[in-house]
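Chemist: The structure follows.
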Amino acid sequence: MPSVETVQGAVEADELGLVLVHEHVRFRDEAVAIEWPARYDEQLELDAALVAVNDAKDRGVQTIVDPTAMFGGRDVRFMKRVAEETGVRIVACTGIYSYDYLPHYFENRDVDVMADHFVEDIERGIQGTSIKAAFLKCAADAAGVTEHVEKIHRACARASLQTGAPIMAHSMPAVGTGPRQVEIFKEEGVDPAKIQIAHCGDSDDVEYIQALIDEGVYVGLDRYGLEMYLPIEKRNEVAAELLRRGHAERLMVSQDFCASIDWFPAEAAEVFEANGAIRNWSMTLVFDEVVPALRELGVMDDAVFDTIFTQNPKRWLTA
Ligand SMILES: [Zn+2]
């Protein structure tokens with residue numbers, strides 16, 4: 001039985017149970033948080049994380065995959081606290097979440113050195129702990145696959161080849177980053193069964209998503225509630241069509257919820273809810289609204305539910 005690293009230690013893959021494959025227990029800029037710590041309320045952040053994760057636990061969630069990497073304020077001690085206080089397992093990653101910027105530190109070192117940093121997190125432990133990363137994270141967004149973004153992707157690929165760890169790549173369908181991201185991983189020799197292209201569900205272009213699935217990768221329909229990219233109803237139409245085409249085994253459904261996020265001033269959440277930029281964004285939306293809607297559409301039964309929320313994350317994490 002293969003095992004998977006979590007912030008509570010390695011568990012047998014079968015113990016992961018019901019999984020939310022893309023949620024953040026906290027998301028913040030680590031540089032700002034270190035320079036101006038008084039601007040952050042750690043207790044409030046912890047409380048928000050506990051509420052979000054406990055709500056998910058109420059819906060049966062046993063494991064949360066948290067792809068918070070460098071520049072997202074990755075903090076495995078915080079994750080461990082949330083995991084221990086809720087009893088929900090959290091799976092941590094290594095990698096760099098950047099749309100282009102790279103510190104001079106990595107700019108002036110080659111891709112293999114960058115990969116070594118990731119391998120260390122996977123084999124030895126993260127941030128001086130014995131908590132190991134279970135997967136790799138990188139990103140491409142509006143700027144496209146820039147030189148720096150490509151370097152991070154290749155470093156993730158090489159660390160994956162060395163360790164066997166799978167990869168999750170943030171993508172931006174609006175500028176079509178997915179195919180090039182997959183191409184880079186394949187050039188490096190990564191098995192597509194280890195690759196998850198996140199945020200494909202921000203697009204209602206089913207053929208764009210189909211083309212990625214044809215490459216053999218997993219696609220994330222993982223931003224439910226972020227209406228600014230695509231409303232829930234449209235997301236469901238895309239999900240339903242992909243399920244009708246028989247792709248249940250390639251879909252990752254989640255919310256990319258951030259229990260707290262410092263990107264905007266605190267009052268922004270209410271504004272976004274009021275102007276429709278977000279709607280019921282949470283760690284429970286997919287269970288409360290999406291699964292019932294997909295059942296209503298006749299494309300989800302218990303077997304499909306099990307495939308998407310239990311089998312797919314397990315298969316990807318142990319590929
Ligand atoms: Zn995310």
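Each chain in the structure tokens gets a letter, A, B and so on, in the order shown; residues start at 1 in every chain, and ligands are counted from 1 in the order they appear.
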Could you please extract the residues within 12 Å of ligand 1, counting only C-alpha atoms and all ligand atoms, and hand them back as a PyMOL selection string?
Modeler: chain A and resi 20-28+65-69+71-72+74+93+97-98+137-139+168-172+197-199+220-224+226+254-259+261
Chemist: As a PDB file with all heavy atoms, in the first residue's frame, please: the residues near stretch 271-279 of chain A (cut-off 8 Å, only C-alpha atoms, same-chain neighbours under 4 positions excluded).
Modeler:
ATOM      1  N   GLY A 225     -17.140  29.108  -6.648  1.00  0.00           N
ATOM      2  CA  GLY A 225     -17.400  30.244  -5.754  1.00  0.00           C
ATOM      3  C   GLY A 225     -16.694  31.510  -6.193  1.00  0.00           C
ATOM      4  O   GLY A 225     -17.063  32.606  -5.790  1.00  0.00           O
ATOM      5  N   LEU A 226     -15.667  31.350  -7.052  1.00  0.00           N
ATOM      6  CA  LEU A 226     -14.972  32.529  -7.591  1.00  0.00           C
ATOM      7  C   LEU A 226     -15.682  32.937  -8.881  1.00  0.00           C
ATOM      8  O   LEU A 226     -15.246  32.640  -9.989  1.00  0.00           O
ATOM      9  CB  LEU A 226     -13.491  32.222  -7.812  1.00  0.00           C
ATOM     10  CG  LEU A 226     -12.694  32.058  -6.501  1.00  0.00           C
ATOM     11  CD1 LEU A 226     -11.272  31.597  -6.770  1.00  0.00           C
ATOM     12  CD2 LEU A 226     -12.681  33.359  -5.704  1.00  0.00           C
ATOM     13  N   GLU A 227     -16.793  33.636  -8.689  1.00  0.00           N
ATOM     14  CA  GLU A 227     -17.662  34.006  -9.807  1.00  0.00           C
ATOM     15  C   GLU A 227     -16.980  34.957 -10.782  1.00  0.00           C
ATOM     16  O   GLU A 227     -17.386  35.063 -11.937  1.00  0.00           O
ATOM     17  CB  GLU A 227     -18.943  34.659  -9.275  1.00  0.00           C
ATOM     18  CG  GLU A 227     -19.709  33.813  -8.283  1.00  0.00           C
ATOM     19  CD  GLU A 227     -20.497  32.690  -8.931  1.00  0.00           C
ATOM     20  OE1 GLU A 227     -21.557  32.952  -9.512  1.00  0.00           O
ATOM     21  OE2 GLU A 227     -20.029  31.534  -8.830  1.00  0.00           O
ATOM     22  N   MET A 228     -15.975  35.701 -10.299  1.00  0.00           N
ATOM     23  CA  MET A 228     -15.287  36.660 -11.171  1.00  0.00           C
ATOM     24  C   MET A 228     -14.632  35.962 -12.362  1.00  0.00           C
ATOM     25  O   MET A 228     -14.431  36.570 -13.412  1.00  0.00           O
ATOM     26  CB  MET A 228     -14.247  37.495 -10.403  1.00  0.00           C
ATOM     27  CG  MET A 228     -13.013  36.755  -9.947  1.00  0.00           C
ATOM     28  SD  MET A 228     -13.101  36.208  -8.222  1.00  0.00           S
ATOM     29  CE  MET A 228     -12.426  37.582  -7.342  1.00  0.00           C
ATOM     30  N   GLU A 267     -12.242  44.561   4.419  1.00  0.00           N
ATOM     31  CA  GLU A 267     -13.624  44.896   4.041  1.00  0.00           C
ATOM     32  C   GLU A 267     -13.967  44.428   2.620  1.00  0.00           C
ATOM     33  O   GLU A 267     -15.139  44.405   2.228  1.00  0.00           O
ATOM     34  CB  GLU A 267     -13.884  46.406   4.177  1.00  0.00           C
ATOM     35  CG  GLU A 267     -13.004  47.308   3.313  1.00  0.00           C
ATOM     36  CD  GLU A 267     -11.671  47.671   3.974  1.00  0.00           C
ATOM     37  OE1 GLU A 267     -11.255  46.968   4.935  1.00  0.00           O
ATOM     38  OE2 GLU A 267     -11.027  48.625   3.516  1.00  0.00           O
TER      39      GLU A 267
END
Chemist: What separation in Å, quoted to one decimal, exists between atom CA of A:Val253 and atom CA of A:Asp141?
Modeler: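 Distance between the two atoms: 19.8 Å.
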Chemist: Report as an MDAnalysis selection string all protein, DNA and RNA residues lying within 8 Å of A:Val88, evaluated on only C-alpha atoms, omitting residues in the same chain fewer than 3 positions from it.
Modeler: chainID A and resid 53 57 61:64 83:84
Chemist: Work out how far atom CA of A:Gly178 is from atom CA of A:Val190, in Å to one decimal.
Modeler: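 We find that atom CA of A:Val190 and atom CA of A:Gly178 lie 15.1 Å from each other.
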Chemist: Find the residue from A:Leu161, A:Val145, A:Ala33, A:Val7 that sits nearest to A:Val82; use only C-alpha atoms when measuring.
Modeler: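 Under the stated criterion, the closest residue is A:Val7.
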Chemist: Return the single residue from A:Gly128, A:Gly298, A:Gly216, A:Gly95 that is closest to A:Met70, with distances computed using only C-alpha atoms.
Modeler: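 Result for the nearest residue to A:Met70: A:Gly95.
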Chemist: Name the residues in contact with A:Ala193 at a cut-off of 7 Å, using only C-alpha atoms, excluding same-chain residues fewer than 3 positions from it; report them as a tab-separated table (two decimals) with C-alpha atoms, in the first residue's frame.
Modeler:
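The resulting file, part_15.tsv, is reproduced below:
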chain	number	residue	atom	x	y	z
A	216	GLY	CA	-3.49	12.34	-20.00
A	217	VAL	CA	-3.38	14.92	-17.20
A	316	TRP	CA	-2.70	11.46	-8.39
A	319	ALA	CA	0.99	8.05	-9.22
Chemist: Give the strand (DSSP E) residues of stretch 126-200 of chain A, as assigned by DSSP on the backbone, as a VMD selection string.
Modeler: chain A and resid 135 to 139 167 to 170 195 to 198
Chemist: Residues as selected, all heavy atoms, written as a JSON list (two decimals), in the first residue's frame, can you do that?
Modeler:
[["chain", "number", "residue", "atom", "x", "y", "z"],
["A", 135, "PHE", "N", 3.80, 16.91, -2.81],
["A", 135, "PHE", "CA", 3.69, 17.22, -4.24],
["A", 135, "PHE", "C", 4.36, 18.56, -4.52],
["A", 135, "PHE", "O", 4.82, 19.25, -3.59],
["A", 135, "PHE", "CB", 2.23, 17.22, -4.70],
["A", 135, "PHE", "CG", 1.36, 18.32, -4.11],
["A", 135, "PHE", "CD1", 0.99, 19.42, -4.85],
["A", 135, "PHE", "CD2", 0.89, 18.23, -2.81],
["A", 135, "PHE", "CE1", 0.19, 20.43, -4.32],
["A", 135, "PHE", "CE2", 0.08, 19.22, -2.26],
["A", 135, "PHE", "CZ", -0.27, 20.32, -3.02],
["A", 136, "LEU", "N", 4.44, 18.89, -5.80],
["A", 136, "LEU", "CA", 5.12, 20.11, -6.26],
["A", 136, "LEU", "C", 4.11, 21.09, -6.83],
["A", 136, "LEU", "O", 3.13, 20.69, -7.44],
["A", 136, "LEU", "CB", 6.15, 19.74, -7.33],
["A", 136, "LEU", "CG", 7.31, 18.92, -6.78],
["A", 136, "LEU", "CD1", 7.63, 17.76, -7.70],
["A", 136, "LEU", "CD2", 8.53, 19.80, -6.56],
["A", 137, "LYS", "N", 4.42, 22.39, -6.65],
["A", 137, "LYS", "CA", 3.48, 23.41, -7.11],
["A", 137, "LYS", "C", 4.22, 24.46, -7.93],
["A", 137, "LYS", "O", 5.30, 24.91, -7.57],
["A", 137, "LYS", "CB", 2.83, 24.07, -5.89],
["A", 137, "LYS", "CG", 1.87, 25.23, -6.20],
["A", 137, "LYS", "CD", 0.52, 24.72, -6.66],
["A", 137, "LYS", "CE", -0.39, 25.86, -7.16],
["A", 137, "LYS", "NZ", -0.84, 26.76, -6.12],
["A", 138, "CYS", "N", 3.62, 24.85, -9.05],
["A", 138, "CYS", "CA", 4.12, 25.97, -9.82],
["A", 138, "CYS", "C", 2.93, 26.68, -10.43],
["A", 138, "CYS", "O", 1.79, 26.24, -10.24],
["A", 138, "CYS", "CB", 5.09, 25.49, -10.90],
["A", 138, "CYS", "SG", 4.42, 24.20, -11.96],
["A", 139, "ALA", "N", 3.17, 27.77, -11.14],
["A", 139, "ALA", "CA", 2.05, 28.58, -11.62],
["A", 139, "ALA", "C", 2.38, 29.28, -12.92],
["A", 139, "ALA", "O", 3.52, 29.67, -13.17],
["A", 139, "ALA", "CB", 1.66, 29.62, -10.56],
["A", 167, "ILE", "N", 2.76, 16.70, -9.52],
["A", 167, "ILE", "CA", 2.84, 18.16, -9.71],
["A", 167, "ILE", "C", 1.44, 18.75, -9.87],
["A", 167, "ILE", "O", 0.61, 18.19, -10.58],
["A", 167, "ILE", "CB", 3.64, 18.49, -10.99],
["A", 167, "ILE", "CG1", 5.05, 17.90, -10.93],
["A", 167, "ILE", "CG2", 3.71, 20.00, -11.22],
["A", 167, "ILE", "CD1", 5.83, 18.02, -12.25],
["A", 168, "MET", "N", 1.23, 19.89, -9.22],
["A", 168, "MET", "CA", 0.03, 20.68, -9.48],
["A", 168, "MET", "C", 0.47, 22.03, -10.04],
["A", 168, "MET", "O", 1.29, 22.71, -9.43],
["A", 168, "MET", "CB", -0.79, 20.92, -8.21],
["A", 168, "MET", "CG", -2.06, 21.74, -8.46],
["A", 168, "MET", "SD", -2.80, 22.38, -6.94],
["A", 168, "MET", "CE", -3.40, 20.89, -6.16],
["A", 169, "ALA", "N", -0.09, 22.39, -11.19],
["A", 169, "ALA", "CA", 0.28, 23.66, -11.81],
["A", 169, "ALA", "C", -0.94, 24.57, -11.91],
["A", 169, "ALA", "O", -1.93, 24.22, -12.55],
["A", 169, "ALA", "CB", 0.85, 23.41, -13.21],
["A", 170, "HIS", "N", -0.85, 25.72, -11.24],
["A", 170, "HIS", "CA", -1.86, 26.78, -11.42],
["A", 170, "HIS", "C", -1.81, 27.22, -12.89],
["A", 170, "HIS", "O", -0.72, 27.39, -13.43],
["A", 170, "HIS", "CB", -1.51, 27.92, -10.47],
["A", 170, "HIS", "CG", -2.19, 29.24, -10.73],
["A", 170, "HIS", "ND1", -3.11, 29.78, -9.85],
["A", 170, "HIS", "CD2", -2.07, 30.14, -11.74],
["A", 170, "HIS", "CE1", -3.52, 30.96, -10.32],
["A", 170, "HIS", "NE2", -2.91, 31.19, -11.46],
["A", 195, "ILE", "N", 0.49, 14.73, -13.35],
["A", 195, "ILE", "CA", 0.29, 16.18, -13.58],
["A", 195, "ILE", "C", -1.17, 16.58, -13.37],
["A", 195, "ILE", "O", -2.08, 15.95, -13.92],
["A", 195, "ILE", "CB", 0.71, 16.55, -15.02],
["A", 195, "ILE", "CG1", 2.17, 16.17, -15.27],
["A", 195, "ILE", "CG2", 0.47, 18.04, -15.29],
["A", 195, "ILE", "CD1", 2.58, 16.25, -16.75],
["A", 196, "GLN", "N", -1.34, 17.64, -12.61],
["A", 196, "GLN", "CA", -2.67, 18.22, -12.43],
["A", 196, "GLN", "C", -2.61, 19.69, -12.86],
["A", 196, "GLN", "O", -1.83, 20.47, -12.31],
["A", 196, "GLN", "CB", -3.08, 18.13, -10.95],
["A", 196, "GLN", "CG", -4.42, 18.75, -10.66],
["A", 196, "GLN", "CD", -4.83, 18.65, -9.18],
["A", 196, "GLN", "OE1", -5.75, 19.32, -8.77],
["A", 196, "GLN", "NE2", -4.16, 17.83, -8.40],
["A", 197, "ILE", "N", -3.41, 20.03, -13.87],
["A", 197, "ILE", "CA", -3.48, 21.43, -14.31],
["A", 197, "ILE", "C", -4.67, 22.07, -13.61],
["A", 197, "ILE", "O", -5.83, 21.76, -13.91],
["A", 197, "ILE", "CB", -3.60, 21.53, -15.84],
["A", 197, "ILE", "CG1", -2.42, 20.83, -16.54],
["A", 197, "ILE", "CG2", -3.67, 23.00, -16.26],
["A", 197, "ILE", "CD1", -1.04, 21.43, -16.24],
["A", 198, "ALA", "N", -4.36, 22.95, -12.66],
["A", 198, "ALA", "CA", -5.41, 23.55, -11.84],
["A", 198, "ALA", "C", -6.11, 24.70, -12.58],
["A", 198, "ALA", "O", -5.54, 25.30, -13.49],
["A", 198, "ALA", "CB", -4.79, 24.08, -10.55]]
Chemist: Using DSSP assignments from the backbone, pull out every residue in stretch 94-260 of chain A that falls under helix (DSSP H, G or I) and give it to me as JSON, numbers by chain.
Modeler: {"A": [104, 105, 106, 107, 111, 112, 113, 114, 115, 116, 117, 118, 119, 120, 121, 122, 123, 147, 148, 149, 150, 151, 152, 153, 154, 155, 156, 157, 158, 159, 160, 161, 162, 163, 173, 174, 175, 178, 179, 180, 181, 182, 183, 184, 185, 186, 187, 192, 193, 194, 200, 201, 202, 206, 207, 208, 209, 210, 211, 212, 213, 214, 232, 233, 234, 235, 236, 237, 238, 239, 240, 241, 242, 243, 244, 248, 249, 250]}
Chemist: Within 10 Å of stretch 45-48 of chain A, which residues of stretch 60-174 of chain A show up? Give each one with its shortest atom-to-atom distance in Å (one decimal) and the two atoms involved, counting only C-alpha atoms, rows by chain then rising residue number, as a Markdown table.
Modeler:
| residue | atom | partner | partner_atom | distance |
| --- | --- | --- | --- | --- |
| A:Phe78 | CA | A:Leu46 | CA | 7.9 |
| A:Met79 | CA | A:Leu46 | CA | 9.4 |
| A:Arg81 | CA | A:Leu46 | CA | 8.5 |
| A:Val82 | CA | A:Leu46 | CA | 7.2 |
Chemist: Need to verify the contact set: A:Ile209, 9 Å, only C-alpha atoms, exclusion of same-chain residues closer than 6 positions in sequence. Can you return it as an MDAnalysis selection string?
Modeler: chainID A and resid 173 178 200:201 203 219 242
Chemist: So that I can see what lies close to A:Glu107, please list as a ChimeraX atom specification the residues with an atom at most 12 Å from it, counting only C-alpha atoms and leaving out residues fewer than 5 positions away in the same chain.
Modeler: /A:100-102,113-114,147-149,151-152
Chemist: Using only C-alpha atoms, can you tell me which of A:Leu230, A:Val19, A:Ala143, A:Val32 comes closest to A:Met252?
Modeler: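 Among the listed residues, A:Val19 lies closest to A:Met252.
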Chemist: Counting only C-alpha atoms, figure out which residue out of A:Gly144, A:Asp121, A:Lys132, A:Ala49 gets nearest to A:Ala159.
Modeler: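 Of A:Gly144, A:Asp121, A:Lys132, A:Ala49, the one nearest A:Ala159 is A:Asp121, counting only C-alpha atoms.
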Chemist: Looking at only C-alpha atoms, which of A:Phe106, A:Ala56, A:Ala165, A:Ala31 is the one that sits closest to A:Thr94?
Modeler: A:Ala165
